[in-house]
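Next comes target.txt, with compact mmCIF, C-alpha atoms.
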# COMPACT_ATOMS: atom_id res chain seq x y z
CA MET A 1 -38.12 74.41 -122.01
CA ASN A 2 -40.89 71.78 -121.97
CA SER A 3 -43.29 71.23 -119.08
CA SER A 4 -41.49 68.31 -117.41
CA MET A 5 -38.16 70.11 -117.63
CA HIS A 6 -39.79 73.21 -116.20
CA ASP A 7 -41.15 71.19 -113.27
CA GLN A 8 -37.74 69.60 -112.70
CA PHE A 9 -36.15 73.05 -112.83
CA LEU A 10 -38.58 74.31 -110.20
CA LYS A 11 -37.84 71.32 -107.99
CA ASP A 12 -34.05 71.79 -108.29
CA LEU A 13 -34.36 75.53 -107.81
CA ASN A 14 -36.44 75.17 -104.63
CA GLN A 15 -34.01 72.63 -103.18
CA ASN A 16 -31.17 75.13 -103.58
CA ILE A 17 -32.94 78.48 -103.39
CA GLY A 18 -30.90 79.46 -100.34
CA ILE A 19 -27.84 79.78 -102.61
CA VAL A 20 -29.53 82.53 -104.63
CA HIS A 21 -30.57 84.43 -101.50
CA ARG A 22 -27.11 84.26 -99.98
CA VAL A 23 -25.37 85.33 -103.20
CA CYS A 24 -27.74 88.32 -103.45
CA THR A 25 -27.23 89.31 -99.82
CA THR A 26 -23.46 88.92 -100.11
CA PHE A 27 -23.23 91.20 -103.15
CA PHE A 28 -26.00 93.68 -102.30
CA PHE A 29 -26.01 93.63 -98.54
CA ASN A 30 -27.00 97.27 -98.05
CA ASP A 31 -29.40 97.59 -100.94
CA TRP A 32 -32.73 95.83 -100.75
CA GLY A 33 -33.89 97.10 -104.16
CA GLU A 34 -30.80 95.86 -105.99
CA ARG A 35 -31.03 92.59 -104.09
CA GLU A 36 -34.55 91.96 -105.32
CA ASP A 37 -33.57 92.91 -108.85
CA VAL A 38 -30.54 90.64 -108.96
CA LEU A 39 -32.54 87.81 -107.36
CA GLN A 40 -35.00 87.96 -110.25
CA GLU A 41 -32.15 88.24 -112.77
CA ILE A 42 -30.45 85.16 -111.30
CA MET A 43 -33.70 83.19 -111.46
CA TYR A 44 -34.10 84.22 -115.09
CA GLN A 45 -30.50 83.30 -115.98
CA LEU A 46 -30.90 79.96 -114.21
CA TRP A 47 -34.09 79.28 -116.17
CA LYS A 48 -32.38 80.20 -119.47
CA SER A 49 -29.24 78.18 -118.75
CA TYR A 50 -31.03 75.14 -117.29
CA PRO A 51 -31.30 73.27 -120.64
CA HIS A 52 -27.47 73.56 -120.90
CA PHE A 53 -26.97 71.93 -117.52
CA ASN A 54 -25.67 68.49 -118.39
CA GLY A 55 -25.12 67.11 -114.93
CA ALA A 56 -21.33 67.10 -115.30
CA SER A 57 -21.10 68.88 -111.97
CA LYS A 58 -23.39 68.99 -108.93
CA PHE A 59 -26.51 71.11 -109.43
CA SER A 60 -25.45 73.34 -106.57
CA THR A 61 -22.01 73.93 -108.16
CA TRP A 62 -23.69 74.90 -111.44
CA MET A 63 -26.09 77.14 -109.53
CA TYR A 64 -23.21 78.92 -107.76
CA LYS A 65 -21.56 79.57 -111.13
CA VAL A 66 -24.69 81.06 -112.70
CA SER A 67 -25.61 83.04 -109.57
CA LEU A 68 -22.14 84.48 -108.97
CA ASN A 69 -21.58 85.35 -112.62
CA THR A 70 -24.95 87.10 -112.76
CA ALA A 71 -24.29 88.97 -109.51
CA ILE A 72 -20.84 90.13 -110.68
CA THR A 73 -22.31 91.25 -114.02
CA HIS A 74 -25.09 93.06 -112.15
CA VAL A 75 -22.53 94.84 -109.96
CA ARG A 76 -20.80 96.04 -113.13
CA LYS A 77 -24.06 97.32 -114.64
CA SER A 78 -25.24 98.82 -111.39
CA LYS A 79 -24.80 102.56 -110.91
CA ARG A 80 -22.86 102.00 -107.73
CA ALA A 81 -19.17 101.33 -108.21
CA PRO A 82 -18.01 98.12 -106.51
CA GLU A 83 -15.58 99.92 -104.28
CA LYS A 84 -14.20 98.60 -101.08
CA GLU A 85 -16.09 100.07 -98.16
CA LYS A 86 -15.67 100.30 -94.45
CA LEU A 87 -18.10 98.62 -92.12
CA THR A 88 -21.06 100.92 -91.68
CA ASP A 89 -21.68 102.76 -88.44
CA LYS A 90 -25.08 101.09 -88.31
CA TYR A 91 -23.46 97.73 -87.74
CA ASN A 92 -20.87 99.13 -85.38
CA GLN A 93 -23.75 100.27 -83.20
CA ILE A 94 -25.33 96.83 -83.27
CA ALA A 95 -22.08 95.30 -82.15
CA GLU A 96 -21.48 97.82 -79.38
CA SER A 97 -24.99 97.71 -77.93
CA ASN A 98 -25.24 93.92 -77.48
CA GLU A 99 -22.78 91.95 -75.48
CA GLN A 100 -24.35 88.65 -76.45
CA LEU A 101 -24.99 89.05 -80.12
CA HIS A 102 -27.97 87.22 -81.52
CA THR A 103 -27.47 84.98 -84.53
CA GLU A 104 -29.19 87.39 -86.87
CA GLU A 105 -27.04 90.27 -85.73
CA LYS A 106 -23.91 88.17 -86.02
CA MET A 107 -24.94 87.33 -89.56
CA LYS A 108 -25.48 90.99 -90.35
CA LEU A 109 -22.07 91.82 -89.02
CA LEU A 110 -20.50 89.04 -91.03
CA TYR A 111 -22.32 90.18 -94.19
CA ALA A 112 -21.18 93.76 -93.49
CA GLY A 113 -17.59 92.52 -93.24
CA ILE A 114 -17.86 90.47 -96.42
CA HIS A 115 -19.41 93.46 -98.17
CA THR A 116 -16.12 95.33 -97.85
CA LEU A 117 -14.29 92.72 -99.96
CA SER A 118 -13.75 92.70 -103.72
CA ALA A 119 -16.15 90.74 -105.95
CA ILE A 120 -13.82 87.74 -106.29
CA ASP A 121 -12.99 87.66 -102.58
CA LYS A 122 -16.70 87.86 -101.77
CA SER A 123 -17.31 84.84 -104.03
CA ILE A 124 -14.46 82.85 -102.47
CA ILE A 125 -15.46 83.50 -98.87
CA LEU A 126 -19.13 82.80 -99.62
CA LEU A 127 -18.22 79.46 -101.18
CA TYR A 128 -15.99 78.69 -98.21
CA LEU A 129 -18.71 79.53 -95.70
CA GLU A 130 -21.10 77.33 -97.67
CA GLU A 131 -18.78 74.39 -97.05
CA ASN A 132 -17.61 73.94 -100.62
CA SER A 133 -14.31 72.10 -100.98
CA TYR A 134 -11.20 73.89 -102.31
CA ASP A 135 -11.61 71.92 -105.54
CA GLU A 136 -15.19 73.12 -105.93
CA ILE A 137 -14.23 76.73 -105.14
CA ALA A 138 -11.44 76.50 -107.72
CA SER A 139 -13.82 75.09 -110.33
CA ILE A 140 -16.43 77.80 -109.71
CA THR A 141 -14.03 80.74 -109.63
CA GLY A 142 -11.54 79.55 -112.28
CA LEU A 143 -8.60 79.97 -109.88
CA THR A 144 -6.21 77.18 -109.04
CA LYS A 145 -6.61 75.26 -105.79
CA THR A 146 -3.38 76.81 -104.48
CA ASN A 147 -4.61 80.31 -105.31
CA VAL A 148 -7.87 79.63 -103.52
CA SER A 149 -6.05 78.46 -100.45
CA VAL A 150 -3.67 81.46 -100.42
CA ARG A 151 -6.47 83.91 -100.95
CA LEU A 152 -8.64 82.32 -98.28
CA VAL A 153 -5.95 82.78 -95.67
CA ARG A 154 -5.66 86.43 -96.64
CA ILE A 155 -9.43 86.99 -96.74
CA LYS A 156 -10.01 85.33 -93.36
CA LYS A 157 -7.23 87.39 -91.80
CA SER A 158 -8.59 90.60 -93.27
CA LEU A 159 -12.15 89.75 -92.19
CA GLU A 160 -11.03 88.81 -88.69
CA GLU A 161 -9.27 92.15 -88.32
CA LYS A 162 -12.30 94.03 -89.56
CA LEU A 163 -14.68 92.12 -87.31
CA LYS A 164 -12.30 92.40 -84.35
CA SER A 165 -12.36 96.17 -84.54
CA ASN A 166 -16.15 96.07 -84.54
CA PHE A 167 -16.77 93.72 -81.62
CA MET B 168 -14.72 88.67 -79.38
CA GLU B 169 -15.69 85.68 -81.49
CA THR B 170 -13.37 84.03 -83.95
CA PHE B 171 -14.03 83.69 -87.63
CA GLU B 172 -14.70 79.99 -87.13
CA ASP B 173 -17.46 80.82 -84.61
CA LEU B 174 -19.06 83.07 -87.19
CA ARG B 175 -18.68 80.34 -89.78
CA LYS B 176 -20.56 77.93 -87.55
CA CYS B 177 -23.20 80.57 -86.97
CA TRP B 178 -23.49 81.03 -90.75
CA GLN B 179 -23.96 77.31 -91.31
CA GLU B 180 -26.60 76.98 -88.58
CA ASN B 181 -28.44 79.99 -89.89
CA THR B 182 -28.40 78.87 -93.54
CA SER B 183 -29.58 75.33 -92.79
CA ARG B 184 -32.48 76.82 -90.81
CA ASN B 185 -33.48 79.31 -93.52
CA ASP B 186 -33.10 77.07 -96.56
CA SER B 187 -36.39 75.28 -96.08
CA ALA B 188 -38.32 78.49 -95.52
CA ASP B 189 -38.03 80.03 -98.97
CA THR B 190 -39.71 77.76 -101.51
CA LEU B 191 -41.03 79.36 -104.68
CA SER B 192 -44.34 78.57 -106.35
CA LYS B 193 -44.58 77.74 -110.06
CA GLU B 194 -46.67 80.90 -110.60
CA SER B 195 -44.16 83.23 -108.95
CA VAL B 196 -41.24 81.80 -110.97
CA GLU B 197 -43.23 82.09 -114.21
CA LYS B 198 -44.19 85.66 -113.34
CA VAL B 199 -40.52 86.61 -112.82
CA ILE B 200 -39.46 84.94 -116.08
CA ARG B 201 -42.24 86.65 -118.07
CA SER B 202 -41.32 90.05 -116.65
CA ARG B 203 -37.60 89.53 -117.43
CA ILE B 204 -38.34 88.45 -121.01
CA ARG B 205 -40.47 91.58 -121.45
CA ARG B 206 -37.71 93.76 -120.01
CA GLU B 207 -35.09 92.22 -122.30
CA LYS B 208 -37.30 92.74 -125.36
CA ASN B 209 -37.89 96.36 -124.39
CA THR B 210 -34.14 97.03 -124.12
CA VAL B 211 -33.48 95.60 -127.57
CA MET B 212 -36.48 97.43 -129.07
CA GLN B 213 -35.40 100.75 -127.56
CA TYR B 214 -32.07 100.49 -129.36
CA PHE B 215 -33.78 99.34 -132.53
CA TRP B 216 -36.16 102.29 -132.67
CA ALA B 217 -33.46 104.86 -131.84
CA SER B 218 -31.18 103.43 -134.50
CA PHE B 219 -34.04 103.10 -136.99
CA ALA B 220 -35.12 106.73 -136.51
CA TYR B 221 -31.55 108.01 -136.93
CA GLN B 222 -31.05 106.05 -140.13
CA VAL B 223 -34.41 107.13 -141.54
CA LEU B 224 -33.38 110.76 -140.94
CA ILE B 225 -30.02 110.33 -142.68
CA TYR B 226 -31.34 108.44 -145.68
CA ALA B 227 -34.49 110.54 -146.00
CA PHE B 228 -32.43 113.75 -145.99
CA ALA B 229 -29.99 112.36 -148.57
CA SER B 230 -32.83 111.11 -150.81
CA HIS B 231 -34.62 114.44 -150.46
CA LEU B 232 -31.51 116.29 -151.62
CA ILE B 233 -30.90 113.96 -154.55
CA ILE B 234 -34.51 114.25 -155.76
CA LYS B 235 -34.92 117.99 -155.15
CA PHE B 236 -31.58 118.96 -156.67
CA TRP B 237 -31.52 116.37 -159.41
CA GLY B 238 -29.04 117.61 -161.98
CA ASP B 239 -26.86 119.54 -159.52
CA GLY B 240 -23.84 117.23 -159.75
CA GLU B 241 -21.98 118.58 -156.72
CA LEU B 242 -24.96 118.35 -154.35
CA MET B 243 -25.98 114.94 -155.64
CA LEU B 244 -22.43 113.72 -155.13
CA LEU B 245 -22.40 114.98 -151.53
CA ALA B 246 -25.75 113.34 -150.74
CA PHE B 247 -24.66 110.17 -152.45
CA CYS B 248 -21.36 110.15 -150.51
CA GLY B 249 -23.26 110.65 -147.24
CA THR B 250 -25.50 107.68 -148.03
CA MET B 251 -22.62 105.49 -149.19
CA LEU B 252 -20.63 106.42 -146.10
CA TYR B 253 -23.42 105.29 -143.77
CA ILE B 254 -24.63 102.11 -145.49
CA PRO B 255 -21.61 99.86 -144.78
CA PHE B 256 -21.12 101.30 -141.32
CA THR B 257 -24.79 100.85 -140.49
CA ILE B 258 -24.66 97.22 -141.61
CA LEU B 259 -21.45 96.53 -139.71
CA LEU B 260 -22.62 98.38 -136.62
CA MET B 261 -25.91 96.49 -136.56
CA LYS B 262 -24.13 93.15 -137.04
CA LYS B 263 -21.64 93.86 -134.27
CA PHE B 264 -24.34 95.15 -131.96
CA LYS B 265 -26.56 92.17 -132.69
CA ALA B 266 -23.71 89.77 -131.95
CA MET B 267 -22.92 91.58 -128.74
CA SER B 268 -26.50 91.89 -127.50
CA ILE B 269 -27.39 88.30 -128.37
CA ARG B 270 -24.33 86.99 -126.56
CA ALA B 271 -24.83 89.41 -123.71
CA THR B 272 -28.47 88.58 -123.13
CA ASP B 273 -29.88 85.52 -124.88
CA ASN B 274 -27.01 83.11 -125.22
CA LEU B 275 -24.74 84.13 -122.41
CA ASP B 276 -24.28 80.62 -121.17
CA PHE B 277 -23.01 80.94 -117.65
CA SER B 278 -23.53 77.24 -117.04
CA GLY B 279 -20.18 75.98 -118.23
CA GLN B 280 -18.19 79.07 -117.32
CA ASP B 281 -16.27 79.77 -114.18
CA ILE B 282 -16.15 83.35 -112.91
CA ARG B 283 -12.71 84.05 -114.37
CA SER B 284 -13.70 82.91 -117.90
CA SER B 285 -17.03 84.70 -117.72
CA VAL B 286 -15.47 88.04 -116.71
CA LYS B 287 -12.70 87.64 -119.28
CA ASN B 288 -15.24 86.89 -122.05
CA GLN B 289 -17.31 89.92 -121.10
CA TYR B 290 -14.18 92.07 -121.21
CA VAL B 291 -13.06 90.76 -124.60
CA LEU B 292 -16.55 91.14 -126.08
CA LEU B 293 -17.03 94.68 -124.82
CA ALA B 294 -13.48 95.76 -125.71
CA ASP B 295 -13.88 94.34 -129.21
CA PHE B 296 -17.11 96.22 -129.80
CA PHE B 297 -15.63 99.43 -128.34
CA ARG B 298 -12.58 99.16 -130.62
CA PHE B 299 -14.84 98.85 -133.63
CA LYS B 300 -17.05 101.73 -132.43
CA LYS B 301 -14.01 104.00 -131.95
CA MET B 302 -12.75 103.19 -135.44
CA PHE B 303 -16.21 104.02 -136.82
CA GLU B 304 -16.28 107.27 -134.89
CA TRP B 305 -12.81 108.44 -135.93
CA LEU B 306 -13.58 107.81 -139.57
CA ALA B 307 -17.28 108.46 -140.05
CA ILE B 308 -17.97 111.36 -137.70
CA PRO B 309 -15.46 113.90 -139.17
CA LEU B 310 -16.55 112.87 -142.69
CA SER B 311 -20.25 113.26 -141.77
CA CYS B 312 -19.55 116.69 -140.28
CA LEU B 313 -17.66 117.72 -143.40
CA ILE B 314 -20.48 116.57 -145.69
CA MET B 315 -23.10 118.32 -143.52
CA VAL B 316 -21.16 121.62 -143.56
CA LEU B 317 -20.60 121.39 -147.32
CA ILE B 318 -24.32 120.77 -147.93
CA VAL B 319 -25.49 123.53 -145.58
CA PHE B 320 -23.12 126.10 -147.12
CA LYS B 321 -24.01 125.01 -150.62
CA LEU B 322 -27.75 125.27 -149.96
CA TYR B 323 -28.16 128.20 -147.60
CA VAL B 324 -25.06 130.43 -147.67
CA PRO B 325 -24.70 132.84 -150.60
CA GLY B 326 -21.17 132.58 -152.00
CA GLU B 327 -20.83 129.12 -150.53
CA ILE B 328 -17.62 127.92 -148.90
CA GLU B 329 -15.29 129.72 -151.29
CA GLU B 330 -16.30 133.07 -149.78
CA HIS B 331 -16.70 131.91 -146.19
CA VAL B 332 -13.78 129.59 -145.46
CA THR B 333 -13.40 130.72 -141.83
CA GLY B 334 -17.14 130.36 -141.19
CA ALA B 335 -17.12 126.89 -142.70
CA ILE B 336 -14.17 125.84 -140.57
CA ILE B 337 -15.85 127.21 -137.42
CA SER B 338 -19.11 125.43 -138.32
CA PHE B 339 -17.24 122.21 -138.96
CA LEU B 340 -15.39 122.43 -135.65
CA ALA B 341 -18.57 123.35 -133.75
CA LEU B 342 -20.45 120.40 -135.25
CA LEU B 343 -17.52 118.09 -134.61
CA SER B 344 -17.32 119.30 -130.97
CA CYS B 345 -21.03 118.53 -130.45
CA PHE B 346 -20.56 115.01 -131.81
CA ALA B 347 -17.34 114.56 -129.83
CA ALA B 348 -18.99 115.64 -126.55
CA ALA B 349 -21.98 113.33 -127.09
CA ILE B 350 -19.71 110.42 -128.02
CA TYR B 351 -17.37 111.08 -125.10
CA PHE B 352 -20.17 110.95 -122.52
CA GLN B 353 -21.76 107.92 -124.15
CA ASN B 354 -18.46 106.05 -124.30
CA ARG B 355 -17.58 106.93 -120.74
CA LYS B 356 -20.89 105.56 -119.44
CA ARG B 357 -21.34 102.55 -121.71
CA PHE B 358 -17.76 101.42 -122.34
CA ILE B 359 -14.92 103.09 -120.45
CA ALA B 360 -16.41 102.70 -116.96
CA PRO B 361 -17.64 99.09 -117.48
CA LEU B 362 -14.32 98.10 -119.07
CA ARG B 363 -12.43 99.63 -116.15
CA GLN B 364 -14.59 97.66 -113.70
CA LEU B 365 -14.07 94.42 -115.59
CA LYS B 366 -10.32 95.09 -115.74
CA LEU B 367 -10.28 95.65 -111.99
CA ILE B 368 -11.93 92.27 -111.44
CA LEU B 369 -9.50 90.61 -113.86
CA GLU B 370 -6.55 92.23 -112.12
CA ASP B 371 -7.94 91.08 -108.80
CA ILE B 372 -8.19 87.52 -110.13
CA ALA B 373 -4.69 87.78 -111.62
CA GLN B 374 -3.21 88.84 -108.27
CA ASP B 375 -2.17 85.29 -107.54
CA SER B 376 -1.99 83.99 -111.09
CA TYR B 377 0.28 86.11 -113.24
CA ASP B 378 -0.36 84.02 -116.30
CA LEU B 379 -3.89 85.38 -116.84
CA PHE B 380 -3.03 87.98 -119.46
CA GLN B 381 -0.50 85.76 -121.17
CA GLU B 382 -3.09 83.15 -122.11
Mind converting the file's structure to structure tokens?
Amino acid sequence: MNSSMHDQFLKDLNQNIGIVHRVCTTFFFNDWGEREDVLQEIMYQLWKSYPHFNGASKFSTWMYKVSLNTAITHVRKSKRAPEKEKLTDKYNQIAESNEQLHTEEKMKLLYAGIHTLSAIDKSIILLYLEENSYDEIASITGLTKTNVSVRLVRIKKSLEEKLKSNF
Amino acid sequence: METFEDLRKCWQENTSRNDSADTLSKESVEKVIRSRIRREKNTVMQYFWASFAYQVLIYAFASHLIIKFWGDGELMLLAFCGTMLYIPFTILLMKKFKAMSIRATDNLDFSGQDIRSSVKNQYVLLADFFRFKKMFEWLAIPLSCLIMVLIVFKLYVPGEIEEHVTGAIISFLALLSCFAAAIYFQNRKRFIAPLRQLKLILEDIAQDSYDLFQE
């Protein structure tokens, strides 16, 4: 990668860096160490793949693809099995102790709920929360638009039930 | 109780507020990239040195036997067979491993791949290498054990195998068990568990699209 491309990469990366943070938090919500590790791995994969980015899609769409693929690969390589988990007691306590939840706490609770989903469902709900269209979600995940829509209904219902029992 | 849509709004407010706060400097990005390149090189070199040392041991032992017992047709044949057995497998194994590691690390181009294709490619690549590795193990490991037992009995046991058939069989089975145990644990960690995880993801994707495995 030459110097001007490197500078352009840095500019594009900084404009969309929130995507990387949110992918990392979504996949490694309870593990700060893994989150840092996968954040660096995503940055490295983005840097390596950047010369292949041909502008056929939006930069953010490309970034979601690289970030989610890296996170899913990292989950596979990680010692912890990507099993479905229940919401932790820690977050139950947060919910019970505050009637008026602060934004940060609400976010934690939402992340804790998302953390219980499978890798693909995590990706879909993250993309949905990030205001991607069904077409974009389908293009990033490789599912059809209909599948995305069906799965989203199911994921939202499941999340709502989980969150309901914790509020 | 807040609805999911309330939380979605909260998410969007929170992300738009945080996005501007996390800019990265050129130095910090370069530092991360340098450290990742170093880590990747180390991983490849670790495998290289382990594989190199193992091969040096095999070939050095076989050469030593051929030179030391030059003229002993049976022993030379065994050493020669051992060498011949390992050369093609070593070449093939290295080629397959190289292809897998290069695609897995250097050229794994996530940019054009959606999640489904990426996971499927990883599964196919890993399963292909595992299939080859299993074939190598089924063929080469029992043969290696047999050659080792034959050489050891020929060199160090008076009366050789002819007088100690039971001992030779026990030695062969013991050696084979050691190899089998080591291979089992390695395969479970490096192949069976990762393949199971990838299959779970693929099955999860295929939940609503039954055509996945028919493609």
Closest of A:Val23, A:Val38, A:Leu13, A:Ala119 to Phe59 (chain A) - atom-to-atom distances counting only C-alpha atoms: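 Looking at the shortest contact to Phe59 (chain A), the residue is A:Leu13.
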All residues 10 Å or closer to Thr73 (chain A), only C-alpha atoms, same chain fewer than 2 positions away omitted, as a list in words: Val38, Ser67, Leu68, Asn69, Thr70, Ala71, Val75, Arg76, Lys77 and Ser78 of chain A; Ser285, Val286, Gln289, Pro361 and Leu365 of chain B
Chain A residues near chain B (6 Å cut-off, all atoms listed in the file) as a ChimeraX atom specification: /A:14,18,44,66,69,129,140-142,147,167
Point-to-point distance from CA of Ser338 (chain B) to CA of Val316 (chain B), Å rounded to tenths: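 Those two atoms sit 6.8 Å apart.
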Pairwise distance for CA of Phe296 (chain B) and CA of Gln40 (chain A), rounded to one decimal in Å: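 The value is 27.8 Å.
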Contacts of Ser311 (chain B) at 9 Å (all atoms listed in the file; same-chain gap of 5+ positions) as a PyMOL selection string: chain B and resi 249+252-253+306+316
One-decimal distance in Å that lies between CA of Val20 (chain A) and CA of Ile42 (chain A): 7.2 Å
Distance criterion (all atoms listed in the file): nearest to Ile114 (chain A) out of A:Asp37, A:Glu160, A:Asp31, A:Asp12: A:Glu160
Determine the axis-aligned bounding box of all atoms of region 22-28 of chain A present in the file, pad each side by 5 Å, and express its centre and edge lengths in Å to one decimal place as JSON.
{"center_x": -25.5, "center_y": 89.0, "center_z": -101.6, "size_x": 14.5, "size_y": 19.4, "size_z": 13.6}
